[in-house]
>>> print(open('data.pdb').read())   # PDB, C-alpha atoms
MODEL        1
ATOM      1  CA  MET A  16      70.881  45.789  47.973
ATOM      2  CA  LYS A  17      71.428  45.993  44.238
ATOM      3  CA  SER A  18      74.911  45.603  42.826
ATOM      4  CA  LEU A  19      76.348  48.789  41.328
ATOM      5  CA  GLU A  20      76.715  46.989  38.019
ATOM      6  CA  HIS A  21      73.009  46.083  37.955
ATOM      7  CA  TYR A  22      71.935  49.566  39.075
ATOM      8  CA  TRP A  23      73.971  51.416  36.455
ATOM      9  CA  ASN A  24      73.214  49.025  33.623
ATOM     10  CA  LYS A  25      69.530  49.683  34.232
ATOM     11  CA  SER A  26      70.040  53.418  34.697
ATOM     12  CA  TYR A  27      71.958  53.800  31.442
ATOM     13  CA  GLN A  28      69.176  52.149  29.470
ATOM     14  CA  ARG A  29      67.267  55.444  29.580
ATOM     15  CA  LEU A  30      66.576  56.832  26.129
ATOM     16  CA  GLY A  31      68.282  59.950  24.891
ATOM     17  CA  LEU A  32      71.488  59.712  26.907
ATOM     18  CA  LYS A  33      74.475  61.238  25.175
ATOM     19  CA  PRO A  34      77.803  62.677  26.311
ATOM     20  CA  THR A  35      77.680  66.346  27.301
ATOM     21  CA  PHE A  36      80.305  68.190  29.319
ATOM     22  CA  ASP A  37      80.179  71.285  31.524
ATOM     23  CA  ASN A  38      83.740  72.550  30.993
ATOM     24  CA  TRP A  39      84.861  71.946  34.581
ATOM     25  CA  LEU A  40      88.157  70.653  33.195
ATOM     26  CA  ASP A  41      88.931  73.979  31.496
ATOM     27  CA  LYS A  42      90.743  75.346  34.543
ATOM     28  CA  TYR A  43      93.213  72.437  34.383
ATOM     29  CA  TRP A  44      93.775  72.526  30.654
ATOM     30  CA  GLN A  45      96.731  74.865  30.315
ATOM     31  CA  GLU A  46      98.892  73.568  33.152
ATOM     32  CA  TYR A  47      97.977  69.886  33.440
ATOM     33  CA  LEU A  48      96.101  68.585  30.393
ATOM     34  CA  SER A  49      97.566  70.397  27.390
ATOM     35  CA  THR A  50     101.086  69.391  28.463
ATOM     36  CA  THR A  51     100.407  65.635  28.320
ATOM     37  CA  SER A  52     102.145  63.657  25.585
ATOM     38  CA  ARG A  53     100.778  60.795  23.488
ATOM     39  CA  ALA A  54     102.667  58.406  25.758
ATOM     40  CA  ASP A  55     100.987  59.710  28.921
ATOM     41  CA  LEU A  56      98.210  57.582  30.407
ATOM     42  CA  ILE A  57      94.948  59.464  30.958
ATOM     43  CA  VAL A  58      92.178  57.553  32.733
ATOM     44  CA  ASP A  59      88.518  58.569  33.023
ATOM     45  CA  LEU A  60      87.304  56.448  35.937
ATOM     46  CA  GLY A  61      83.524  55.986  36.088
ATOM     47  CA  CYS A  62      83.110  57.517  32.641
ATOM     48  CA  GLY A  63      79.372  56.874  32.233
ATOM     49  CA  VAL A  64      78.271  57.696  28.699
ATOM     50  CA  GLY A  65      81.390  59.778  28.126
ATOM     51  CA  ASN A  66      80.927  63.352  29.352
ATOM     52  CA  ASN A  67      84.567  63.899  30.265
ATOM     53  CA  ALA A  68      85.830  61.503  27.611
ATOM     54  CA  LYS A  69      84.117  63.640  24.960
ATOM     55  CA  TYR A  70      85.812  66.760  26.327
ATOM     56  CA  LEU A  71      89.218  65.085  26.286
ATOM     57  CA  VAL A  72      88.824  63.641  22.791
ATOM     58  CA  GLU A  73      87.615  66.965  21.387
ATOM     59  CA  HIS A  74      90.724  68.555  22.888
ATOM     60  CA  GLY A  75      92.983  66.073  21.103
ATOM     61  CA  LEU A  76      93.666  63.670  23.987
ATOM     62  CA  SER A  77      93.283  59.884  24.090
ATOM     63  CA  PRO A  78      91.888  58.744  27.445
ATOM     64  CA  ILE A  79      90.984  55.252  28.578
ATOM     65  CA  ALA A  80      87.293  55.449  29.503
ATOM     66  CA  CYS A  81      86.394  53.055  32.345
ATOM     67  CA  ASP A  82      83.052  52.153  33.875
ATOM     68  CA  ILE A  83      81.362  49.311  35.744
ATOM     69  CA  SER A  84      78.418  49.407  33.316
ATOM     70  CA  GLU A  85      78.667  47.590  29.981
ATOM     71  CA  VAL A  86      75.573  49.520  28.866
ATOM     72  CA  ALA A  87      77.309  52.841  29.534
ATOM     73  CA  ILE A  88      80.406  51.689  27.632
ATOM     74  CA  ARG A  89      78.306  50.640  24.625
ATOM     75  CA  THR A  90      76.516  53.997  24.602
ATOM     76  CA  LEU A  91      79.810  55.864  24.853
ATOM     77  CA  LYS A  92      81.269  53.833  21.964
ATOM     78  CA  SER A  93      78.295  54.736  19.783
ATOM     79  CA  PHE A  94      79.365  58.386  20.067
ATOM     80  CA  LEU A  95      83.142  57.922  20.361
ATOM     81  CA  PRO A  96      83.844  54.710  18.415
ATOM     82  CA  ASP A  97      87.629  55.070  18.416
ATOM     83  CA  ILE A  98      88.106  55.604  22.140
ATOM     84  CA  GLN A  99      89.767  52.938  24.288
ATOM     85  CA  THR A 100      87.384  51.576  26.937
ATOM     86  CA  LEU A 101      87.584  49.257  29.907
ATOM     87  CA  CYS A 102      84.733  47.739  31.907
ATOM     88  CA  LEU A 103      85.854  47.452  35.520
ATOM     89  CA  ASP A 104      84.730  47.554  39.148
ATOM     90  CA  MET A 105      87.109  49.926  40.915
ATOM     91  CA  ALA A 106      86.264  48.277  44.249
ATOM     92  CA  GLU A 107      88.166  45.239  42.955
ATOM     93  CA  GLY A 108      91.298  47.271  42.242
ATOM     94  CA  LEU A 109      92.672  49.240  39.305
ATOM     95  CA  PRO A 110      94.470  47.387  36.487
ATOM     96  CA  PHE A 111      97.146  50.033  35.988
ATOM     97  CA  PRO A 112     100.788  49.731  37.082
ATOM     98  CA  LYS A 113     102.129  51.728  40.000
ATOM     99  CA  ASP A 114     103.202  55.268  39.050
ATOM    100  CA  SER A 115     101.786  54.945  35.525
ATOM    101  CA  VAL A 116      98.860  57.401  35.240
ATOM    102  CA  GLN A 117      99.474  61.069  34.416
ATOM    103  CA  VAL A 118      95.860  62.288  34.636
ATOM    104  CA  LEU A 119      93.162  60.460  36.585
ATOM    105  CA  ILE A 120      89.589  61.753  36.425
ATOM    106  CA  ALA A 121      87.019  60.450  38.919
ATOM    107  CA  ASP A 122      83.906  62.518  38.291
ATOM    108  CA  LEU A 123      81.099  61.581  40.714
ATOM    109  CA  SER A 124      82.280  57.973  40.679
ATOM    110  CA  ILE A 125      84.012  57.100  43.966
ATOM    111  CA  HIS A 126      81.252  57.832  46.490
ATOM    112  CA  TYR A 127      79.316  54.551  46.341
ATOM    113  CA  PHE A 128      81.247  52.523  48.905
ATOM    114  CA  ASP A 129      81.494  51.800  52.601
ATOM    115  CA  GLU A 130      84.342  53.405  54.521
ATOM    116  CA  ALA A 131      86.855  50.574  54.203
ATOM    117  CA  THR A 132      86.284  50.232  50.443
ATOM    118  CA  THR A 133      86.485  53.997  49.953
ATOM    119  CA  HIS A 134      89.883  54.036  51.658
ATOM    120  CA  GLU A 135      91.032  51.130  49.456
ATOM    121  CA  VAL A 136      89.876  52.868  46.270
ATOM    122  CA  ILE A 137      91.661  56.085  47.243
ATOM    123  CA  ARG A 138      94.834  54.132  48.059
ATOM    124  CA  ASP A 139      94.633  52.647  44.562
ATOM    125  CA  LEU A 140      94.253  56.113  43.034
ATOM    126  CA  HIS A 141      97.331  57.271  44.924
ATOM    127  CA  ASN A 142      99.275  54.162  43.922
ATOM    128  CA  VAL A 143      98.685  54.318  40.162
ATOM    129  CA  LEU A 144      99.310  58.049  39.793
ATOM    130  CA  LYS A 145     102.717  59.323  38.816
ATOM    131  CA  THR A 146     104.347  61.607  41.371
ATOM    132  CA  GLU A 147     103.780  64.568  39.049
ATOM    133  CA  GLY A 148     100.353  63.241  37.997
ATOM    134  CA  ILE A 149      97.028  64.787  38.960
ATOM    135  CA  LEU A 150      93.714  63.512  40.295
ATOM    136  CA  LEU A 151      90.676  65.537  39.188
ATOM    137  CA  CYS A 152      87.724  64.482  41.279
ATOM    138  CA  ARG A 153      84.130  65.491  42.033
ATOM    139  CA  LEU A 154      82.168  64.160  45.000
ATOM    140  CA  ASN A 155      78.646  64.365  46.418
ATOM    141  CA  SER A 156      78.327  67.204  48.918
ATOM    142  CA  THR A 157      76.502  66.722  52.218
ATOM    143  CA  ASN A 158      74.362  69.638  51.004
ATOM    144  CA  GLU A 159      73.182  67.335  48.206
ATOM    145  CA  MET A 160      71.422  64.945  50.610
ATOM    146  CA  SER A 161      68.120  66.831  50.495
ATOM    147  CA  ASN A 162      68.061  66.503  46.678
ATOM    148  CA  LYS A 163      68.072  62.702  46.897
ATOM    149  CA  GLY A 164      64.535  62.399  48.257
ATOM    150  CA  ASN A 165      63.944  59.242  50.241
ATOM    151  CA  VAL A 166      67.314  58.243  51.673
ATOM    152  CA  MET A 167      67.843  55.812  54.527
ATOM    153  CA  PRO A 168      70.615  56.434  57.064
ATOM    154  CA  THR A 169      73.189  53.795  57.927
ATOM    155  CA  THR A 170      75.520  53.433  60.891
ATOM    156  CA  ASP A 171      77.924  55.663  58.923
ATOM    157  CA  ARG A 172      76.498  59.204  59.090
ATOM    158  CA  TYR A 173      77.936  60.054  55.661
ATOM    159  CA  LEU A 174      76.707  56.915  53.899
ATOM    160  CA  MET A 175      73.057  56.723  52.868
ATOM    161  CA  GLU A 176      70.973  54.070  51.171
ATOM    162  CA  SER A 177      69.081  55.400  48.154
ATOM    163  CA  GLU A 178      67.411  53.550  45.277
ATOM    164  CA  GLY A 179      68.845  50.270  46.500
ATOM    165  CA  ILE A 180      72.499  51.347  46.524
ATOM    166  CA  TYR A 181      74.781  53.232  48.893
ATOM    167  CA  ARG A 182      75.791  56.835  48.297
ATOM    168  CA  ARG A 183      78.489  58.624  50.289
ATOM    169  CA  PHE A 184      78.376  62.374  50.946
ATOM    170  CA  PHE A 185      81.297  64.656  51.799
ATOM    171  CA  ASP A 186      81.942  67.895  53.592
ATOM    172  CA  ARG A 187      85.365  69.529  53.763
ATOM    173  CA  GLU A 188      86.393  67.577  56.854
ATOM    174  CA  GLU A 189      85.434  64.233  55.290
ATOM    175  CA  ILE A 190      87.374  65.022  52.128
ATOM    176  CA  GLU A 191      90.459  65.841  54.163
ATOM    177  CA  ARG A 192      89.979  62.698  56.253
ATOM    178  CA  PHE A 193      89.911  60.414  53.215
ATOM    179  CA  PHE A 194      92.461  62.407  51.210
ATOM    180  CA  ASP A 195      95.071  62.798  53.939
ATOM    181  CA  LYS A 196      97.205  65.927  53.475
ATOM    182  CA  GLU A 197     100.283  63.889  54.386
ATOM    183  CA  LYS A 198      99.641  61.805  51.262
ATOM    184  CA  TRP A 199      98.068  64.382  48.925
ATOM    185  CA  THR A 200      98.903  67.929  47.857
ATOM    186  CA  TYR A 201      95.739  70.000  47.387
ATOM    187  CA  LEU A 202      95.744  72.153  44.247
ATOM    188  CA  HIS A 203      92.073  73.103  44.164
ATOM    189  CA  MET A 204      88.997  72.610  46.338
ATOM    190  CA  GLU A 205      85.525  74.125  46.017
ATOM    191  CA  GLU A 206      81.852  73.346  46.523
ATOM    192  CA  TYR A 207      79.230  74.414  43.980
ATOM    193  CA  GLU A 208      75.929  73.564  42.286
ATOM    194  CA  MET A 209      75.648  72.203  38.758
ATOM    195  CA  ASP A 210      73.109  70.612  36.400
ATOM    196  CA  ARG A 211      73.491  66.836  36.052
ATOM    197  CA  TYR A 212      71.125  64.902  33.772
ATOM    198  CA  THR A 213      68.477  67.662  34.054
ATOM    199  CA  ASN A 214      68.750  67.763  37.876
ATOM    200  CA  LYS A 215      70.486  70.218  40.175
ATOM    201  CA  LYS A 216      73.430  68.719  42.047
ATOM    202  CA  ILE A 217      75.676  70.099  44.794
ATOM    203  CA  LEU A 218      79.188  68.722  44.755
ATOM    204  CA  TRP A 219      82.794  69.194  45.747
ATOM    205  CA  GLU A 220      85.550  69.505  43.176
ATOM    206  CA  ILE A 221      89.116  68.721  44.183
ATOM    207  CA  ALA A 222      92.421  68.548  42.335
ATOM    208  CA  LEU A 223      95.229  66.667  44.057
ATOM    209  CA  GLN A 224      98.719  65.379  43.470
ATOM    210  CA  PRO A 225     100.146  62.376  45.331
ATOM    211  CA  ARG A 226     102.890  62.851  47.890
ATOM    212  CA  ARG A 227     105.560  60.149  48.056
TER     213      ARG A 227
ENDMDL
END
>>> encode(input="data.pdb", output="structure tokens")
Amino acid sequence: MKSLEHYWNKSYQRLGLKPTFDNWLDKYWQEYLSTTSRADLIVDLGCGVGNNAKYLVEHGLSPIACDISEVAIRTLKSFLPDIQTLCLDMAEGLPFPKDSVQVLIADLSIHYFDEATTHEVIRDLHNVLKTEGILLCRLNSTNEMSNKGNVMPTTDRYLMESEGIYRRFFDREEIERFFDKEKWTYLHMEEYEMDRYTNKKILWEIALQPRR
């Protein structure tokens, strides 16, 4: 198996990549994003080349853009030179204090792990968020599996091997299993199709607040 760092560094070497956003954050702007202050910590986790970071910056916010790929970070910085960035592997933990993050975006970035690691990552998300903070997250749908071509099953029915890495897929029940309603308040949840890097993609979008 390839490491995620190796896979994404190679993937982000493709020519012509640039940050583009699809306005999925618009629905959260008025209530959750526009009310943040300059002191509030906004984290874009798994930022890639900066799709969501570009949206946030163009709306006057100052996120920390984080990704496992140094290549992605360099590409992002070529378009958004003043943005704060951090190269990290979220499977090794998040370097933010407990109850410190106001807005945490994880857009198609936390579905590459086995079950135990996925639970650990989600516990970290819960831990670093402020009580009144918000997690804005998009995840592979199980209805996306057929778009991935040649995928190999594993002993975990929701975890597939594809292109030398693991990809996890979610239905409503799996989302609610990982994001326990005793620990999270659900603000929004929907499944839909979108364009992602010229390909169609079916995903789930969720917005959650941590329960204490």
>>> closest_residue(input="data.pdb", among="A:Thr50, A:Ser177, A:Leu60, A:Trp39", to="Trp219 in chain A", atoms="only C-alpha atoms")
A:Trp39
>>> atom_distance(input="data.pdb", atom1="CA of Glu107 in chain A", atom2="CA of Ile190 in chain A")
21.8 Å
>>> resolve_selection(input="data.pdb", expression="the PyMOL selection byres ((chain A and resi 207) around 10)", output="PDB file with C-alpha atoms, in the frame of the given file")
ATOM      1  CA  SER A 156      78.327  67.204  48.918  1.00  0.00           C
ATOM      2  CA  ASN A 158      74.362  69.638  51.004  1.00  0.00           C
ATOM      3  CA  GLU A 205      85.525  74.125  46.017  1.00  0.00           C
ATOM      4  CA  GLU A 206      81.852  73.346  46.523  1.00  0.00           C
ATOM      5  CA  GLU A 208      75.929  73.564  42.286  1.00  0.00           C
ATOM      6  CA  MET A 209      75.648  72.203  38.758  1.00  0.00           C
ATOM      7  CA  LYS A 216      73.430  68.719  42.047  1.00  0.00           C
ATOM      8  CA  ILE A 217      75.676  70.099  44.794  1.00  0.00           C
ATOM      9  CA  LEU A 218      79.188  68.722  44.755  1.00  0.00           C
ATOM     10  CA  TRP A 219      82.794  69.194  45.747  1.00  0.00           C
ATOM     11  CA  GLU A 220      85.550  69.505  43.176  1.00  0.00           C
TER      12      GLU A 220
END
>>> residues_around(input="data.pdb", residues="Gln99 in chain A", least_positions_apart="6", cutoff="7 Å", atoms="only C-alpha atoms", output="tab-separated table (two decimals) with C-alpha atoms, keeping the file's coordinate frame")
chain	number	residue	atom	x	y	z
A	78	PRO	CA	91.89	58.74	27.44
A	79	ILE	CA	90.98	55.25	28.58
A	80	ALA	CA	87.29	55.45	29.50
>>> closest_residue(input="data.pdb", among="A:Asp122, A:Glu73, A:Glu197, A:Asp129", to="Tyr173 in chain A", atoms="all atoms listed in the file")
A:Asp129
>>> residues_around(input="data.pdb", residues="His134 in chain A", least_positions_apart="2", cutoff="12 Å", atoms="all atoms listed in the file", output="number ranges by chain")
A: 105-106, 108, 125-132, 136-141, 189-190, 192-195
>>> closest_residue(input="data.pdb", among="A:Glu135, A:Glu178, A:Asp210, A:Asp186", to="Tyr22 in chain A", atoms="all atoms listed in the file")
A:Glu178
>>> residues_around(input="data.pdb", residues="Leu223 in chain A", least_positions_apart="4", cutoff="8 Å", atoms="all atoms listed in the file", output="PyMOL selection string")
chain A and resi 149-151+199-203
>>> closest_residue(input="data.pdb", among="A:Ala121, A:Leu109, A:Leu71, A:Ala87", to="Thr51 in chain A", atoms="all atoms listed in the file")
A:Leu71
>>> atom_distance(input="data.pdb", atom1="CA of Leu119 in chain A", atom2="CA of Ile57 in chain A")
6.0 Å
>>> atom_distance(input="data.pdb", atom1="CA of Thr35 in chain A", atom2="CA of Asn66 in chain A")
4.9 Å
>>> axis_aligned_box(input="data.pdb", around="range 96-100 of chain A", padding_each_side="4 Å", output="AutoDock Vina command-line options")
--center_x 86.8 --center_y 53.6 --center_z 22.7 --size_x 13.9 --size_y 12.0 --size_z 16.5
>>> decode(input="data.pdb", residues="range 129-217 of chain A", atoms="C-alpha atoms", output="tab-separated table (two decimals), in the first residue's frame")
chain	number	residue	atom	x	y	z
A	129	ASP	CA	-9.35	2.05	8.86
A	130	GLU	CA	-12.12	2.01	11.46
A	131	ALA	CA	-9.96	2.54	14.53
A	132	THR	CA	-8.09	5.47	12.95
A	133	THR	CA	-11.33	7.02	11.71
A	134	HIS	CA	-12.72	6.96	15.25
A	135	GLU	CA	-9.49	8.55	16.54
A	136	VAL	CA	-9.59	11.31	13.92
A	137	ILE	CA	-13.23	12.09	14.73
A	138	ARG	CA	-12.43	12.16	18.46
A	139	ASP	CA	-9.71	14.70	17.67
A	140	LEU	CA	-12.17	16.83	15.69
A	141	HIS	CA	-14.56	16.78	18.63
A	142	ASN	CA	-11.78	17.60	21.08
A	143	VAL	CA	-10.35	20.66	19.31
A	144	LEU	CA	-13.70	22.27	18.49
A	145	LYS	CA	-15.16	24.88	20.77
A	146	THR	CA	-18.53	23.97	22.26
A	147	GLU	CA	-20.19	26.56	20.03
A	148	GLY	CA	-17.90	25.69	17.10
A	149	ILE	CA	-18.98	23.90	13.94
A	150	LEU	CA	-17.67	21.02	11.85
A	151	LEU	CA	-18.45	21.27	8.13
A	152	CYS	CA	-17.70	17.95	6.53
A	153	ARG	CA	-18.16	16.08	3.24
A	154	LEU	CA	-17.70	12.32	2.89
A	155	ASN	CA	-17.72	9.69	0.15
A	156	SER	CA	-21.17	8.17	-0.29
A	157	THR	CA	-21.63	4.42	-0.70
A	158	ASN	CA	-23.35	5.39	-3.97
A	159	GLU	CA	-19.96	6.69	-5.13
A	160	MET	CA	-18.37	3.22	-5.12
A	161	SER	CA	-19.35	2.47	-8.72
A	162	ASN	CA	-17.58	5.66	-9.87
A	163	LYS	CA	-14.25	4.43	-8.52
A	164	GLY	CA	-13.77	1.70	-11.12
A	165	ASN	CA	-11.57	-1.14	-9.95
A	166	VAL	CA	-11.91	-1.26	-6.17
A	167	MET	CA	-10.92	-4.18	-3.98
A	168	PRO	CA	-13.02	-5.06	-0.93
A	169	THR	CA	-11.50	-5.47	2.52
A	170	THR	CA	-12.79	-7.17	5.65
A	171	ASP	CA	-14.53	-3.85	6.40
A	172	ARG	CA	-17.49	-3.61	4.00
A	173	TYR	CA	-17.24	0.19	3.90
A	174	LEU	CA	-13.48	0.35	3.31
A	175	MET	CA	-12.17	-0.33	-0.19
A	176	GLU	CA	-8.70	-0.45	-1.69
A	177	SER	CA	-8.36	1.75	-4.77
A	178	GLU	CA	-5.25	3.04	-6.54
A	179	GLY	CA	-3.05	1.67	-3.78
A	180	ILE	CA	-4.78	3.46	-0.89
A	181	TYR	CA	-7.85	2.87	1.25
A	182	ARG	CA	-11.07	4.80	0.74
A	183	ARG	CA	-14.00	4.69	3.17
A	184	PHE	CA	-17.61	5.10	2.02
A	185	PHE	CA	-20.58	6.20	4.11
A	186	ASP	CA	-24.32	5.81	4.16
A	187	ARG	CA	-26.56	7.53	6.70
A	188	GLU	CA	-26.19	4.74	9.25
A	189	GLU	CA	-22.39	4.78	9.03
A	190	ILE	CA	-22.28	8.54	9.48
A	191	GLU	CA	-24.43	8.28	12.59
A	192	ARG	CA	-22.30	5.41	13.88
A	193	PHE	CA	-19.06	7.38	13.62
A	194	PHE	CA	-20.61	10.73	14.58
A	195	ASP	CA	-22.54	9.55	17.63
A	196	LYS	CA	-25.62	11.70	18.32
A	197	GLU	CA	-24.76	11.63	22.02
A	198	LYS	CA	-21.55	13.50	21.16
A	199	TRP	CA	-22.65	15.58	18.16
A	200	THR	CA	-25.61	17.83	17.37
A	201	TYR	CA	-26.65	17.50	13.72
A	202	LEU	CA	-27.38	20.81	12.00
A	203	HIS	CA	-27.46	19.63	8.40
A	204	MET	CA	-27.22	16.33	6.53
A	205	GLU	CA	-27.75	15.58	2.84
A	206	GLU	CA	-26.50	13.41	0.01
A	207	TYR	CA	-25.95	14.82	-3.48
A	208	GLU	CA	-23.86	14.68	-6.66
A	209	MET	CA	-21.22	17.25	-7.58
A	210	ASP	CA	-18.37	17.80	-10.04
A	211	ARG	CA	-14.91	17.22	-8.54
A	212	TYR	CA	-11.81	17.68	-10.72
A	213	THR	CA	-13.86	17.10	-13.90
A	214	ASN	CA	-15.48	13.93	-12.48
A	215	LYS	CA	-18.93	13.33	-11.04
A	216	LYS	CA	-18.89	12.52	-7.33
A	217	ILE	CA	-21.65	11.45	-4.93
